[in-house]
file model18.tsv (TSV, C-alpha atoms)
chain	number	residue	atom	x	y	z
A	6	MET	CA	-11.50	29.10	61.81
A	7	ASN	CA	-7.86	28.54	60.92
A	8	LYS	CA	-5.96	31.43	59.38
A	9	PRO	CA	-5.07	30.59	55.74
A	10	ALA	CA	-1.44	29.65	55.15
A	11	LYS	CA	0.87	32.40	53.92
A	12	ASN	CA	2.70	31.79	50.64
A	13	ILE	CA	6.38	32.62	50.55
A	14	PHE	CA	7.87	32.43	47.08
A	15	PHE	CA	11.63	32.42	46.49
A	16	LEU	CA	12.54	33.48	42.99
A	17	GLY	CA	15.61	34.65	41.14
A	18	LYS	CA	18.23	33.82	38.56
A	19	GLY	CA	19.37	30.21	38.21
A	20	GLY	CA	22.13	29.27	40.67
A	21	VAL	CA	21.80	32.22	43.08
A	22	GLY	CA	20.79	29.95	45.96
A	23	LYS	CA	16.99	29.95	45.93
A	24	SER	CA	16.84	26.39	47.26
A	25	THR	CA	19.33	27.01	50.07
A	26	THR	CA	17.61	30.26	51.03
A	27	SER	CA	14.20	28.51	51.03
A	28	ALA	CA	15.61	25.71	53.18
A	29	ILE	CA	17.15	28.20	55.64
A	30	THR	CA	13.88	30.15	55.90
A	31	ALA	CA	11.80	26.98	56.33
A	32	LEU	CA	14.09	25.70	59.07
A	33	TYR	CA	14.25	29.12	60.77
A	34	LEU	CA	10.44	29.40	60.95
A	35	SER	CA	9.88	25.78	62.00
A	36	GLU	CA	12.41	26.11	64.82
A	37	ARG	CA	10.32	29.02	66.08
A	38	GLY	CA	7.23	26.81	66.30
A	39	LYS	CA	5.60	27.73	63.00
A	40	ASN	CA	4.05	24.96	60.93
A	41	VAL	CA	5.85	25.07	57.61
A	42	GLN	CA	5.65	23.21	54.32
A	43	LEU	CA	8.62	23.57	52.03
A	44	ILE	CA	7.67	22.86	48.43
A	45	SER	CA	10.17	22.46	45.63
A	46	MET	CA	8.52	23.60	42.38
A	47	ASP	CA	11.74	23.49	40.39
A	48	PRO	CA	11.74	20.52	37.99
A	49	ALA	CA	15.49	20.24	38.79
A	50	HIS	CA	14.90	19.58	42.50
A	51	ASN	CA	17.61	20.47	45.02
A	52	GLN	CA	15.96	19.97	48.41
A	53	SER	CA	16.85	16.26	48.47
A	54	ASP	CA	20.54	17.19	48.18
A	55	ILE	CA	20.33	19.99	50.74
A	56	PHE	CA	18.61	17.88	53.41
A	57	GLU	CA	20.30	14.63	52.31
A	58	LYS	CA	16.96	12.87	52.22
A	59	SER	CA	14.80	11.75	49.33
A	60	PHE	CA	11.54	13.62	48.81
A	61	GLY	CA	8.62	13.25	46.46
A	62	GLU	CA	4.98	14.22	45.98
A	63	LYS	CA	4.15	12.97	49.48
A	64	ALA	CA	5.26	15.37	52.24
A	65	VAL	CA	8.15	14.11	54.38
A	66	LYS	CA	8.44	15.45	57.95
A	67	LEU	CA	11.87	16.78	58.94
A	68	ASN	CA	10.94	17.95	62.40
A	69	LYS	CA	7.75	18.51	64.39
A	70	HIS	CA	6.87	21.63	62.40
A	71	LEU	CA	8.50	21.17	59.00
A	72	ALA	CA	7.52	18.97	56.05
A	73	VAL	CA	9.13	18.92	52.60
A	74	LYS	CA	7.64	17.99	49.25
A	75	GLU	CA	8.99	17.93	45.69
A	76	VAL	CA	6.33	18.54	43.04
A	77	ASP	CA	6.32	16.15	40.10
A	78	LEU	CA	5.14	18.39	37.24
A	79	ASN	CA	4.96	15.48	34.77
A	80	LYS	CA	2.51	13.71	37.05
A	81	TRP	CA	0.26	16.78	37.07
A	82	VAL	CA	0.38	17.16	33.28
A	83	LYS	CA	-0.50	13.47	32.82
A	84	LYS	CA	-3.37	13.64	35.31
A	85	TYR	CA	-4.79	16.79	33.73
A	86	LEU	CA	-4.66	15.41	30.18
A	87	ALA	CA	-6.20	12.13	31.30
A	88	ASP	CA	-9.12	14.07	32.84
A	89	ILE	CA	-9.65	16.05	29.63
A	90	GLN	CA	-9.42	12.86	27.55
A	91	PHE	CA	-12.04	11.22	29.78
A	92	GLN	CA	-14.43	14.17	29.42
A	93	VAL	CA	-13.88	14.33	25.65
A	94	LYS	CA	-14.61	10.61	25.30
A	95	ARG	CA	-17.79	11.03	27.33
A	96	SER	CA	-19.18	13.95	25.36
A	97	TYR	CA	-17.81	13.51	21.80
A	98	SER	CA	-18.80	11.07	19.11
A	99	TYR	CA	-16.50	8.06	19.00
A	100	LEU	CA	-14.66	9.02	15.82
A	101	THR	CA	-13.87	12.63	16.78
A	102	ALA	CA	-12.73	11.55	20.24
A	103	PHE	CA	-10.55	8.90	18.61
A	104	ASN	CA	-8.93	11.47	16.31
A	105	LEU	CA	-8.34	13.89	19.16
A	106	GLU	CA	-6.56	11.26	21.25
A	107	HIS	CA	-3.39	11.63	19.16
A	108	TYR	CA	-3.50	15.38	19.55
A	109	LEU	CA	-3.86	15.14	23.34
A	110	ASP	CA	-0.86	12.83	23.44
A	111	LEU	CA	1.18	15.59	21.83
A	112	ILE	CA	-0.04	18.37	24.12
A	113	LYS	CA	2.19	17.30	26.96
A	114	TYR	CA	5.08	18.78	24.95
A	115	SER	CA	3.26	22.05	24.26
A	116	PRO	CA	4.55	25.38	25.51
A	117	GLY	CA	2.50	26.63	28.43
A	118	ILE	CA	1.60	23.27	29.87
A	119	GLU	CA	4.42	23.29	32.46
A	120	GLU	CA	3.34	26.51	34.16
A	121	TYR	CA	-0.23	25.28	34.22
A	122	ALA	CA	0.93	22.06	35.88
A	123	MET	CA	2.62	24.27	38.48
A	124	LEU	CA	-0.63	26.14	39.01
A	125	MET	CA	-2.56	22.88	39.49
A	126	ALA	CA	0.00	21.66	42.01
A	127	TYR	CA	-0.14	25.05	43.77
A	128	LYS	CA	-3.95	24.90	44.05
A	129	ASP	CA	-3.81	21.37	45.41
A	130	ILE	CA	-1.13	22.27	47.98
A	131	ARG	CA	-3.10	25.28	49.24
A	132	LYS	CA	-6.32	23.27	49.41
A	133	LYS	CA	-4.67	20.64	51.60
A	134	ALA	CA	-2.68	23.07	53.77
A	135	LYS	CA	-4.84	22.82	56.89
A	136	GLY	CA	-3.13	24.04	60.05
A	137	ILE	CA	-0.09	25.24	58.10
A	138	ASP	CA	1.26	28.74	58.85
A	139	TYR	CA	3.66	29.10	55.93
A	140	ILE	CA	4.01	27.41	52.55
A	141	ILE	CA	7.48	28.11	51.22
A	142	PHE	CA	7.86	27.67	47.47
A	143	ASP	CA	11.32	27.07	46.08
A	144	MET	CA	10.69	28.23	42.52
A	145	PRO	CA	12.36	27.36	39.19
A	146	PRO	CA	14.61	29.94	37.46
A	147	THR	CA	13.20	33.21	36.15
A	148	ALA	CA	11.44	32.37	32.85
A	149	LEU	CA	9.17	29.64	34.17
A	150	THR	CA	8.50	31.44	37.45
A	151	LEU	CA	7.43	34.65	35.72
A	152	LYS	CA	5.10	32.71	33.45
A	153	PHE	CA	3.61	30.98	36.50
A	154	MET	CA	3.16	34.20	38.49
A	155	THR	CA	1.48	36.01	35.60
A	156	LEU	CA	-0.58	33.07	34.28
A	157	PRO	CA	-3.74	34.00	36.25
A	158	GLN	CA	-3.74	37.52	34.80
A	159	THR	CA	-2.98	36.57	31.20
A	160	SER	CA	-5.63	33.85	31.40
A	161	LEU	CA	-8.16	36.31	32.83
A	162	LEU	CA	-7.56	38.71	29.93
A	163	TRP	CA	-8.52	35.97	27.47
A	164	LEU	CA	-11.34	34.61	29.59
A	165	LYS	CA	-13.04	37.99	29.97
A	166	LYS	CA	-12.97	38.57	26.20
A	167	LEU	CA	-14.30	35.08	25.55
A	168	MET	CA	-17.01	35.64	28.14
A	169	ASP	CA	-18.11	38.88	26.41
A	170	LEU	CA	-18.42	37.01	23.13
A	171	ARG	CA	-20.26	34.11	24.77
A	172	ASN	CA	-22.74	36.53	26.36
A	173	LYS	CA	-23.41	38.09	22.95
A	174	ILE	CA	-24.10	34.63	21.53
A	175	ILE	CA	-26.48	33.76	24.36
A	176	GLU	CA	-28.27	37.11	24.01
A	177	LYS	CA	-28.75	36.49	20.25
A	178	ARG	CA	-30.13	33.03	20.96
A	179	LYS	CA	-32.62	34.49	23.41
A	180	ILE	CA	-33.82	37.03	20.85
A	181	ILE	CA	-34.26	34.32	18.21
A	182	SER	CA	-36.19	32.17	20.67
A	183	LYS	CA	-38.39	35.16	21.58
A	184	ILE	CA	-39.24	35.84	17.93
A	185	LYS	CA	-39.77	32.17	17.07
A	186	PHE	CA	-41.58	30.92	20.16
A	187	GLY	CA	-42.68	34.08	21.92
A	188	THR	CA	-40.67	33.33	25.10
A	189	LYS	CA	-37.09	33.99	26.08
A	190	GLU	CA	-35.69	30.50	26.48
A	191	ILE	CA	-33.65	30.15	29.68
A	192	GLU	CA	-30.28	28.90	28.54
A	193	THR	CA	-27.90	26.65	30.42
A	194	ASP	CA	-24.90	27.20	28.25
A	195	LYS	CA	-22.23	24.69	29.32
A	196	ILE	CA	-19.43	26.73	27.74
A	197	ARG	CA	-20.49	29.83	29.67
A	198	ASN	CA	-20.59	27.81	32.91
A	199	LYS	CA	-17.05	26.59	32.28
A	200	LEU	CA	-15.85	30.13	31.55
A	201	THR	CA	-17.49	31.36	34.77
A	202	GLU	CA	-15.77	28.61	36.78
A	203	GLN	CA	-12.38	29.45	35.27
A	204	ILE	CA	-12.78	33.19	35.86
A	205	LYS	CA	-13.73	32.54	39.51
A	206	ASP	CA	-10.74	30.24	39.96
A	207	TYR	CA	-8.16	32.65	38.49
A	208	ASN	CA	-9.64	35.63	40.33
A	209	GLU	CA	-9.17	33.79	43.62
A	210	ILE	CA	-5.55	32.92	42.81
A	211	GLU	CA	-4.80	36.46	41.64
A	212	LEU	CA	-6.27	37.97	44.80
A	213	ILE	CA	-4.03	35.76	46.95
A	214	PHE	CA	-0.95	36.58	44.82
A	215	LYS	CA	-1.58	40.31	45.21
A	216	ASN	CA	-2.43	40.28	48.91
A	217	PRO	CA	0.75	40.95	50.93
A	218	ASP	CA	-0.86	39.33	54.00
A	219	GLN	CA	-1.20	36.07	52.07
A	220	THR	CA	1.73	36.12	49.68
A	221	LEU	CA	5.32	37.24	50.13
A	222	LEU	CA	7.65	37.43	47.16
A	223	ASN	CA	11.32	37.11	48.03
A	224	LEU	CA	13.90	37.77	45.39
A	225	VAL	CA	17.20	35.97	45.86
A	226	MET	CA	20.30	37.52	44.32
A	227	ASN	CA	24.08	37.39	44.58
A	228	PRO	CA	26.46	40.30	44.84
A	229	ASP	CA	27.33	40.23	41.14
A	230	LYS	CA	26.34	42.21	38.06
A	231	LEU	CA	24.50	39.44	36.18
A	232	SER	CA	22.24	38.46	39.04
A	233	PHE	CA	21.60	42.15	39.79
A	234	SER	CA	20.50	42.88	36.17
A	235	GLU	CA	18.25	39.83	36.06
A	236	SER	CA	16.72	40.80	39.40
A	237	MET	CA	15.92	44.23	37.97
A	238	LEU	CA	14.22	42.56	34.99
A	239	ILE	CA	12.14	40.36	37.31
A	240	VAL	CA	11.00	43.34	39.38
A	241	GLU	CA	10.12	45.37	36.27
A	242	HIS	CA	8.25	42.48	34.64
A	243	LEU	CA	6.18	41.74	37.74
A	244	LYS	CA	5.45	45.44	38.26
A	245	LYS	CA	3.60	45.44	34.91
A	246	PHE	CA	1.24	42.88	36.44
A	247	ASN	CA	0.98	44.80	39.74
A	248	ILE	CA	2.89	42.10	41.60
A	249	THR	CA	5.39	43.46	44.12
A	250	ILE	CA	8.60	41.95	45.49
A	251	GLN	CA	8.66	42.51	49.25
A	252	ASN	CA	12.06	41.18	50.31
A	253	ILE	CA	15.49	40.75	48.80
A	254	PHE	CA	17.79	38.03	50.05
A	255	LEU	CA	21.36	38.88	49.15
A	256	ASN	CA	22.97	35.47	49.22
A	257	LYS	CA	26.75	34.74	49.30
A	258	TYR	CA	27.26	38.25	50.64
A	259	ASN	CA	30.71	39.39	51.80
A	260	SER	CA	31.53	42.55	53.66
A	261	GLN	CA	33.69	43.96	50.84
A	262	PHE	CA	30.60	44.29	48.71
A	263	GLY	CA	28.85	47.65	49.01
A	264	ILE	CA	25.10	47.33	49.32
A	265	SER	CA	24.20	50.99	48.93
A	266	HIS	CA	23.28	50.72	45.22
A	267	ILE	CA	21.05	47.72	45.94
A	268	GLN	CA	19.33	49.63	48.73
A	269	LYS	CA	18.94	52.57	46.35
A	270	GLN	CA	17.52	50.53	43.45
A	271	PHE	CA	15.18	48.49	45.63
A	272	SER	CA	14.23	51.21	48.08
A	273	ASN	CA	10.79	49.81	48.89
A	274	THR	CA	11.98	46.32	49.73
A	275	ASN	CA	13.55	44.84	52.85
A	276	LEU	CA	17.05	43.45	52.54
A	277	GLN	CA	18.28	40.27	54.20
A	278	LEU	CA	21.99	39.61	54.03
A	279	LEU	CA	23.12	36.00	53.91
A	280	SER	CA	26.88	35.83	54.27
A	281	GLU	CA	28.92	33.36	52.31
A	282	SER	CA	29.36	30.22	54.38
A	283	ASN	CA	32.76	28.61	54.88
A	284	ASN	CA	31.23	25.13	54.82
A	285	PRO	CA	28.76	23.76	52.29
A	286	LEU	CA	25.22	24.26	53.64
A	287	ILE	CA	24.19	20.61	53.49
A	288	GLY	CA	22.21	18.80	56.18
A	289	ILE	CA	20.12	20.10	59.09
A	290	PRO	CA	23.00	20.58	61.62
A	291	GLU	CA	24.99	22.75	59.19
A	292	LEU	CA	21.91	24.79	58.23
A	293	THR	CA	20.89	25.25	61.90
A	294	ASN	CA	24.40	26.34	62.74
A	295	TYR	CA	24.29	28.90	59.94
A	296	ILE	CA	20.90	30.22	61.14
A	297	ASN	CA	22.17	30.56	64.71
A	298	ASN	CA	25.05	32.70	63.50
A	299	LEU	CA	22.81	35.13	61.61
A	300	ALA	CA	22.70	38.55	63.27
A	301	THR	CA	19.13	39.29	62.12
A	302	PHE	CA	16.40	37.64	60.12
A	303	ILE	CA	13.74	39.49	58.19
A	304	GLU	CA	10.20	39.41	59.61
A	305	LEU	CA	8.01	37.22	57.40
B	4	MET	CA	-65.05	36.71	5.18
B	5	LYS	CA	-65.38	40.12	6.75
B	6	PRO	CA	-62.95	42.74	5.39
B	7	LEU	CA	-61.56	43.27	8.90
B	8	ASN	CA	-60.69	39.56	9.23
B	9	LYS	CA	-59.10	39.58	5.82
B	10	LEU	CA	-57.00	42.56	6.81
B	11	LYS	CA	-55.95	40.83	10.02
B	12	GLN	CA	-55.04	37.66	8.08
B	13	THR	CA	-52.93	39.65	5.61
B	14	TRP	CA	-51.22	41.44	8.51
B	15	ASP	CA	-50.44	38.11	10.23
B	16	ILE	CA	-48.91	36.70	7.04
B	17	TYR	CA	-46.84	39.84	6.59
B	18	LYS	CA	-45.73	39.74	10.25
B	19	GLU	CA	-44.68	36.10	10.00
B	20	ALA	CA	-42.74	36.74	6.80
B	21	ALA	CA	-40.96	39.70	8.41
B	22	ALA	CA	-40.22	37.66	11.55
B	23	ASN	CA	-38.82	34.81	9.47
B	24	SER	CA	-36.57	37.15	7.58
B	25	ALA	CA	-35.41	38.78	10.84
B	26	VAL	CA	-34.71	35.35	12.37
B	27	ASP	CA	-32.76	34.31	9.26
B	28	THR	CA	-30.49	37.32	9.58
B	29	LEU	CA	-30.08	36.80	13.32
B	30	GLU	CA	-29.33	33.10	12.84
B	31	THR	CA	-26.65	33.90	10.27
B	32	GLU	CA	-25.14	36.43	12.71
B	33	LEU	CA	-25.34	33.85	15.50
B	34	GLY	CA	-23.62	31.26	13.30
B	35	GLU	CA	-20.81	33.71	12.54
B	36	LEU	CA	-20.37	34.60	16.22
B	37	GLU	CA	-20.14	30.90	17.06
B	38	ASN	CA	-17.53	30.49	14.29
B	39	ILE	CA	-15.49	33.34	15.73
B	40	PHE	CA	-15.77	31.86	19.22
B	41	GLY	CA	-14.65	28.46	17.92
B	42	LEU	CA	-11.75	29.99	16.05
B	43	LEU	CA	-10.61	31.98	19.09
B	44	VAL	CA	-10.70	29.03	21.46
B	45	LEU	CA	-9.59	26.26	19.12
B	46	GLY	CA	-7.30	28.33	16.91
B	47	SER	CA	-4.26	26.27	17.84
B	48	PHE	CA	-5.73	23.32	15.90
B	49	VAL	CA	-5.53	25.28	12.66
B	50	GLY	CA	-2.45	27.39	13.35
B	51	PHE	CA	-4.09	30.52	14.78
B	52	PRO	CA	-2.83	32.39	17.86
B	53	SER	CA	-4.73	30.89	20.74
B	54	PRO	CA	-5.39	31.51	24.44
B	55	PRO	CA	-3.27	29.80	27.10
B	56	MET	CA	-3.46	26.07	26.44
B	57	GLN	CA	-5.49	25.22	29.55
B	58	ILE	CA	-8.37	27.53	28.51
B	59	THR	CA	-8.72	25.62	25.24
B	60	LEU	CA	-8.40	22.26	26.95
B	61	ASP	CA	-10.93	23.06	29.67
B	62	LEU	CA	-13.52	24.12	27.11
B	63	LEU	CA	-12.72	21.35	24.62
B	64	PRO	CA	-15.14	18.73	26.03
B	65	GLU	CA	-18.06	21.15	25.43
B	66	MET	CA	-17.02	22.19	21.94
B	67	GLU	CA	-17.45	19.20	19.67
B	68	GLN	CA	-19.64	21.12	17.21
B	69	HIS	CA	-17.18	24.00	16.97
B	70	PHE	CA	-14.34	21.56	16.57
B	71	THR	CA	-15.93	19.58	13.75
B	72	LEU	CA	-17.11	22.73	12.03
B	73	MET	CA	-13.65	24.23	12.13
B	74	LEU	CA	-12.03	21.14	10.69
B	75	ASN	CA	-14.65	21.11	7.91
B	76	LYS	CA	-13.90	24.76	7.19
B	77	VAL	CA	-10.22	23.90	6.88
B	78	ASP	CA	-11.17	21.27	4.29
B	79	THR	CA	-13.23	23.70	2.22
B	80	ALA	CA	-10.58	26.41	2.55
B	81	GLN	CA	-8.86	24.72	-0.40
B	82	SER	CA	-11.82	25.59	-2.65
B	83	PRO	CA	-13.30	28.86	-1.43
B	84	ILE	CA	-15.34	29.50	-4.63
B	85	SER	CA	-17.28	26.26	-4.38
B	86	ASP	CA	-17.84	26.91	-0.68
B	87	LEU	CA	-19.21	30.36	-1.47
B	88	LEU	CA	-21.48	29.04	-4.21
B	89	SER	CA	-22.89	26.34	-1.96
B	90	THR	CA	-23.45	28.88	0.83
B	91	PHE	CA	-25.60	30.96	-1.50
B	92	ASP	CA	-27.09	27.81	-3.01
B	93	VAL	CA	-26.10	28.86	-6.52
B	94	LEU	CA	-25.25	25.44	-7.92

call {"tool": "encode", "arguments": {"input": "model18.tsv", "output": "structure tokens"}}
result
Amino acid sequence: MNKPAKNIFFLGKGGVGKSTTSAITALYLSERGKNVQLISMDPAHNQSDIFEKSFGEKAVKLNKHLAVKEVDLNKWVKKYLADIQFQVKRSYSYLTAFNLEHYLDLIKYSPGIEEYAMLMAYKDIRKKAKGIDYIIFDMPPTALTLKFMTLPQTSLLWLKKLMDLRNKIIEKRKIISKIKFGTKEIETDKIRNKLTEQIKDYNEIELIFKNPDQTLLNLVMNPDKLSFSESMLIVEHLKKFNITIQNIFLNKYNSQFGISHIQKQFSNTNLQLLSESNNPLIGIPELTNYINNLATFIEL
Amino acid sequence: MKPLNKLKQTWDIYKEAAANSAVDTLETELGELENIFGLLVLGSFVGFPSPPMQITLDLLPEMEQHFTLMLNKVDTAQSPISDLLSTFDVL
């Protein structure tokens, strides 16, 4: 059986170079014979500019081992809402379904829907990643990424409470049926089945997120105060959800910058230095040249 | 009718009455639990804090009854006294 693909997430403050760092890592691994998929999850996609090629939902091969894809979050939101609308129409009376249609049209602008679209895209990408060694995710800036990373856990908190309540309801129904008809009616509660499915789904995602053999979290930062403070916030926030950052990529590094305080603050993480390039890192030849000049590269 | 049969018949009637009353209470409790469940899941429709959107949406196709009930409750919320009176069948 094939080994499941390893997730590598690149996160950090806006503008620190997450896309460039993801592109460098993807190219580095693919040139060493690893099968890599580079996925841009950021709604403001940059990979097309970096590789000077247009990408979309369908993976585009850049070399024998590397394919790139840009996720269209709007497409995922539309597809999801259309599925719900279809199910509602099938199970509701005509009039209620008709009234709900307007509400569902509005939901695409609701808070929370974007990170769920990301989660749907993520699930789909992992499901289809046969024979892939690494899936590299170029993530959006901090706020959306943190919501995405913690969505399985926050959802599970709600789902477990709802499940407790549902079980109480089912138990009460059984008692009523026992008193009325003398037998405990065996219930197939559709709501409970849906809750069970969701809990199973989120548990699986959470397990992968927390397993360092299956998920690597790389924090990208620059040698400046703002990006350092935001990086600290990211680490602290994820720690509350038991999610650990394994590597720090210090991008646009120059030798005048002392790294001792970074090493001190992030003592349990590996540090990869990415020196400031003299030329813009655009196009495969320039990126390959940059990789070849790197003294070391972190083990992923 | 033998006295023993009569006693048994009286006991059966008493048992059924007690069972009915127990079921009534349980059914009211069940109804309230369902209301709470509906309110928790579909709270966003009436301005309550609600779970992440996708939990509501995934359960929505199975919750027509909860949904209609909640919207009806919102209607009667404007006249709580009349709702209370009709619940207890006073008028």

call {"tool": "closest_residue", "arguments": {"input": "model18.tsv", "among": "A:Ser280, A:Asn172, A:Thr150, A:Thr101", "to": "A:Gly117", "atoms": "all atoms listed in the file"}}
result
A:Thr150

call {"tool": "closest_atom_pairs", "arguments": {"input": "model18.tsv", "of": "chain A", "to": "chain B", "cutoff": "8 Å", "atoms": "only C-alpha atoms", "output": "tab-separated table"}}
result
residue	atom	partner	partner_atom	distance
A:Ile89	CA	B:Leu60	CA	6.9
A:Gln92	CA	B:Pro64	CA	5.7
A:Val93	CA	B:Pro64	CA	4.6
A:Ser96	CA	B:Pro64	CA	6.3
A:Tyr97	CA	B:Glu67	CA	6.1
A:Thr101	CA	B:Thr71	CA	7.9
A:Gly117	CA	B:Met56	CA	6.3
A:Ile118	CA	B:Met56	CA	6.7
A:Tyr121	CA	B:Gln57	CA	7.0
A:Thr159	CA	B:Pro55	CA	7.9
A:Ser160	CA	B:Pro55	CA	6.4
A:Trp163	CA	B:Pro54	CA	6.2
A:Leu164	CA	B:Ile58	CA	7.8
A:Leu167	CA	B:Phe40	CA	7.3
A:Leu170	CA	B:Phe40	CA	7.0
A:Arg171	CA	B:Phe40	CA	7.5
A:Ile174	CA	B:Leu33	CA	6.2
A:Lys177	CA	B:Leu33	CA	6.4
A:Arg178	CA	B:Leu33	CA	7.3
A:Ile181	CA	B:Val26	CA	5.9
A:Ile184	CA	B:Ala22	CA	6.7
A:Lys185	CA	B:Val26	CA	7.6
A:Lys195	CA	B:Glu65	CA	6.7
A:Ile196	CA	B:Glu65	CA	6.2
A:Lys199	CA	B:Leu62	CA	6.7
A:Leu200	CA	B:Leu62	CA	7.8

call {"tool": "residues_around", "arguments": {"input": "model18.tsv", "residues": "A:Leu109", "least_positions_apart": "4", "cutoff": "10 Å", "atoms": "only C-alpha atoms", "output": "PyMOL selection string"}}
result
(chain A and resi 86-87+89-90+104-105+113-115) or (chain B and resi 60)

call {"tool": "residues_around", "arguments": {"input": "model18.tsv", "residues": "A:Ile29", "least_positions_apart": "3", "cutoff": "10 Å", "atoms": "only C-alpha atoms", "output": "list in words"}}
result
Lys23, Ser24, Thr25, Thr26, Leu32, Tyr33, Leu34, Ser35, Leu279, Leu286, Ile289, Leu292, Thr293, Tyr295 and Ile296 of chain A

call {"tool": "atom_distance", "arguments": {"input": "model18.tsv", "atom1": "atom CA of B:Thr13", "atom2": "atom CA of A:Gly187"}}
result
20.1 Å

call {"tool": "residues_around", "arguments": {"input": "model18.tsv", "residues": "stretch 218-221 of chain A", "least_positions_apart": "3", "cutoff": "12 Å", "atoms": "only C-alpha atoms", "output": "VMD selection string"}}
result
chain A and resid 8 to 16 131 138 to 142 154 209 to 215 224 248 to 253 274 to 275 303 to 305

call {"tool": "atom_distance", "arguments": {"input": "model18.tsv", "atom1": "atom CA of A:Leu278", "atom2": "atom CA of A:Ile44"}}
result
22.7 Å

call {"tool": "atom_distance", "arguments": {"input": "model18.tsv", "atom1": "atom CA of A:Lys135", "atom2": "atom CA of A:Val65"}}
result
15.8 Å

call {"tool": "closest_residue", "arguments": {"input": "model18.tsv", "among": "A:Ala31, A:Leu124, A:Ile264, A:Ala49", "to": "A:Asp229", "atoms": "all atoms listed in the file"}}
result
A:Ile264
